[in-house]
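> Quick one: the structure is below, questions incoming.
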Amino acid sequence: MEMRSLDRGELGPANGFSQALLPWTALNAPFKGAWCVVHPGSSTTRHAHPDYEIFIALSGQAVLESAGERVPFREGDIVHFPPETDHQVHNEGSEDFQMYTAWWTPETAEGFLSRHRGEA
């Protein structure tokens with residue numbers, strides 16, 4: 001067994017209060033992932049990218065904004081963003097909002113399959 005731990009000291013404005021936990025040499029995964037903390041009164045940077053992405057709400061509550069729509073997002077919720085869909089998380093509450101995000105492209109998945117087959 002190999003474990004990676006969250007380093008809360010690494011969570012800061014320079015990295016959007018997130019820590020990438022994947023990729024990880026010991027783990028062949030078809031996606032990349034990060035732990036994210038959005039502090040009260042703050043928001044992530046609105047962005048879009050060519051990756052598919054999911055957010056899994058772990059604790060607290062926030063508001064998701066995407067394609068002109070705003071919806072509540074709280075512990076236990078999961079959301080999917082297709083490629084090139086803008087998205088942003090707003091924490092309008094008084095406690096930290098924590099979530100895990102995973103993203104992938106067809107190339108990421110192909111790399112996983114290639115490593116799985118021992119071709120890379």
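Ordering of the structure tokens sets the chain letters (A, B, ...), residue numbers begin anew at 1 in every chain, and ligands are numbered from 1 in the order given.
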Could you give me, as a ChimeraX atom specification, each residue of stretch 40-84 of chain A that DSSP assigns to strand (DSSP E or B) when run on this structure's backbone?
/A:43,47,52-59,61-66,69-74,78-81
> Please dump the current selection as an mmCIF file, in the first residue's frame; keep N, CA and C atoms.

```cif
data_model
loop_
_atom_site.group_PDB
_atom_site.id
_atom_site.type_symbol
_atom_site.label_atom_id
_atom_site.label_comp_id
_atom_site.auth_asym_id
_atom_site.auth_seq_id
_atom_site.Cartn_x
_atom_site.Cartn_y
_atom_site.Cartn_z
ATOM 1 N N SER A 43 -13.859 32.737 -4.204
ATOM 2 C CA SER A 43 -14.307 31.974 -5.373
ATOM 3 C C SER A 43 -13.100 31.424 -6.111
ATOM 4 N N HIS A 47 -13.081 29.422 -15.377
ATOM 5 C CA HIS A 47 -12.264 28.928 -16.482
ATOM 6 C C HIS A 47 -13.011 27.839 -17.246
ATOM 7 N N TYR A 52 -12.826 16.794 -19.730
ATOM 8 C CA TYR A 52 -14.040 16.450 -19.006
ATOM 9 C C TYR A 52 -13.686 16.641 -17.531
ATOM 10 N N GLU A 53 -14.647 16.996 -16.688
ATOM 11 C CA GLU A 53 -14.323 17.198 -15.277
ATOM 12 C C GLU A 53 -15.529 16.900 -14.404
ATOM 13 N N ILE A 54 -15.241 16.346 -13.216
ATOM 14 C CA ILE A 54 -16.274 16.189 -12.197
ATOM 15 C C ILE A 54 -15.782 16.861 -10.920
ATOM 16 N N PHE A 55 -16.724 17.398 -10.156
ATOM 17 C CA PHE A 55 -16.477 17.898 -8.807
ATOM 18 C C PHE A 55 -17.302 17.025 -7.870
ATOM 19 N N ILE A 56 -16.709 16.622 -6.751
ATOM 20 C CA ILE A 56 -17.413 15.882 -5.709
ATOM 21 C C ILE A 56 -17.341 16.730 -4.444
ATOM 22 N N ALA A 57 -18.483 17.216 -3.970
ATOM 23 C CA ALA A 57 -18.538 18.052 -2.765
ATOM 24 C C ALA A 57 -18.340 17.166 -1.536
ATOM 25 N N LEU A 58 -17.357 17.506 -0.711
ATOM 26 C CA LEU A 58 -17.027 16.694 0.455
ATOM 27 C C LEU A 58 -17.517 17.291 1.767
ATOM 28 N N SER A 59 -17.408 18.615 1.907
ATOM 29 C CA SER A 59 -17.907 19.249 3.128
ATOM 30 C C SER A 59 -18.226 20.710 2.851
ATOM 31 N N GLN A 61 -20.807 23.992 1.899
ATOM 32 C CA GLN A 61 -21.699 24.269 0.776
ATOM 33 C C GLN A 61 -21.164 25.457 -0.007
ATOM 34 N N ALA A 62 -21.522 25.478 -1.283
ATOM 35 C CA ALA A 62 -21.052 26.521 -2.184
ATOM 36 C C ALA A 62 -22.124 26.746 -3.244
ATOM 37 N N VAL A 63 -21.816 27.622 -4.167
ATOM 38 C CA VAL A 63 -22.672 27.867 -5.323
ATOM 39 C C VAL A 63 -21.822 27.631 -6.557
ATOM 40 N N LEU A 64 -22.320 26.796 -7.470
ATOM 41 C CA LEU A 64 -21.639 26.561 -8.747
ATOM 42 C C LEU A 64 -22.219 27.517 -9.764
ATOM 43 N N GLU A 65 -21.331 28.086 -10.570
ATOM 44 C CA GLU A 65 -21.769 28.944 -11.661
ATOM 45 C C GLU A 65 -21.170 28.386 -12.946
ATOM 46 N N SER A 66 -22.040 28.164 -13.934
ATOM 47 C CA SER A 66 -21.600 27.606 -15.212
ATOM 48 C C SER A 66 -22.612 27.963 -16.287
ATOM 49 N N GLU A 69 -25.693 29.830 -15.352
ATOM 50 C CA GLU A 69 -26.578 29.238 -14.343
ATOM 51 C C GLU A 69 -25.851 29.172 -13.004
ATOM 52 N N ARG A 70 -26.565 29.440 -11.913
ATOM 53 C CA ARG A 70 -26.025 29.322 -10.548
ATOM 54 C C ARG A 70 -26.882 28.307 -9.792
ATOM 55 N N VAL A 71 -26.225 27.310 -9.176
ATOM 56 C CA VAL A 71 -26.952 26.280 -8.426
ATOM 57 C C VAL A 71 -26.226 25.982 -7.122
ATOM 58 N N PRO A 72 -26.978 25.621 -6.067
ATOM 59 C CA PRO A 72 -26.344 25.225 -4.807
ATOM 60 C C PRO A 72 -25.552 23.929 -5.013
ATOM 61 N N PHE A 73 -24.447 23.813 -4.280
ATOM 62 C CA PHE A 73 -23.576 22.633 -4.360
ATOM 63 C C PHE A 73 -23.132 22.332 -2.940
ATOM 64 N N ARG A 74 -23.505 21.162 -2.428
ATOM 65 C CA ARG A 74 -23.199 20.855 -1.029
ATOM 66 C C ARG A 74 -22.751 19.405 -0.866
ATOM 67 N N ILE A 78 -22.398 15.719 -6.713
ATOM 68 C CA ILE A 78 -21.382 15.537 -7.751
ATOM 69 C C ILE A 78 -21.891 16.235 -9.004
ATOM 70 N N VAL A 79 -20.993 16.879 -9.731
ATOM 71 C CA VAL A 79 -21.366 17.588 -10.951
ATOM 72 C C VAL A 79 -20.354 17.252 -12.043
ATOM 73 N N HIS A 80 -20.822 17.219 -13.272
ATOM 74 C CA HIS A 80 -19.976 16.943 -14.427
ATOM 75 C C HIS A 80 -19.980 18.155 -15.347
ATOM 76 N N PHE A 81 -18.802 18.534 -15.842
ATOM 77 C CA PHE A 81 -18.675 19.598 -16.823
ATOM 78 C C PHE A 81 -18.104 19.012 -18.108
#
```
> Just list the residues in stretch 5-97 of chain A DSSP gives helix (DSSP H, G or I) on the backbone, as a JSON list (two decimals) with N, CA and C atoms, in the first residue's frame.

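Once everything was written out, this is states-v7.json:
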```json
[["chain", "number", "residue", "atom", "x", "y", "z"],
["A", 8, "ARG", "N", -2.00, 20.57, 3.89],
["A", 8, "ARG", "CA", -2.79, 21.80, 3.97],
["A", 8, "ARG", "C", -1.91, 23.04, 3.89],
["A", 9, "GLY", "N", -0.64, 22.92, 4.23],
["A", 9, "GLY", "CA", 0.28, 24.05, 4.11],
["A", 9, "GLY", "C", 0.54, 24.45, 2.66],
["A", 10, "GLU", "N", 0.28, 23.54, 1.75],
["A", 10, "GLU", "CA", 0.45, 23.81, 0.32],
["A", 10, "GLU", "C", -0.76, 24.48, -0.31],
["A", 13, "PRO", "N", -3.24, 30.79, -2.32],
["A", 13, "PRO", "CA", -3.77, 31.50, -3.49],
["A", 13, "PRO", "C", -3.00, 31.20, -4.77],
["A", 14, "ALA", "N", -1.72, 30.90, -4.67],
["A", 14, "ALA", "CA", -0.91, 30.63, -5.86],
["A", 14, "ALA", "C", -1.40, 29.41, -6.63],
["A", 15, "ASN", "N", -2.02, 28.46, -5.95],
["A", 15, "ASN", "CA", -2.51, 27.25, -6.62],
["A", 15, "ASN", "C", -4.02, 27.09, -6.49]]
```
> Could you check which of A:Met1, A:Ala20, A:Ala29, A:Leu11 is closest to A:Glu110, using only C-alpha atoms?
A:Ala29
> So how far away is atom CA of A:Gly76 from atom CA of A:Ser42, in Å?
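A separation of 20.8 Å between them.
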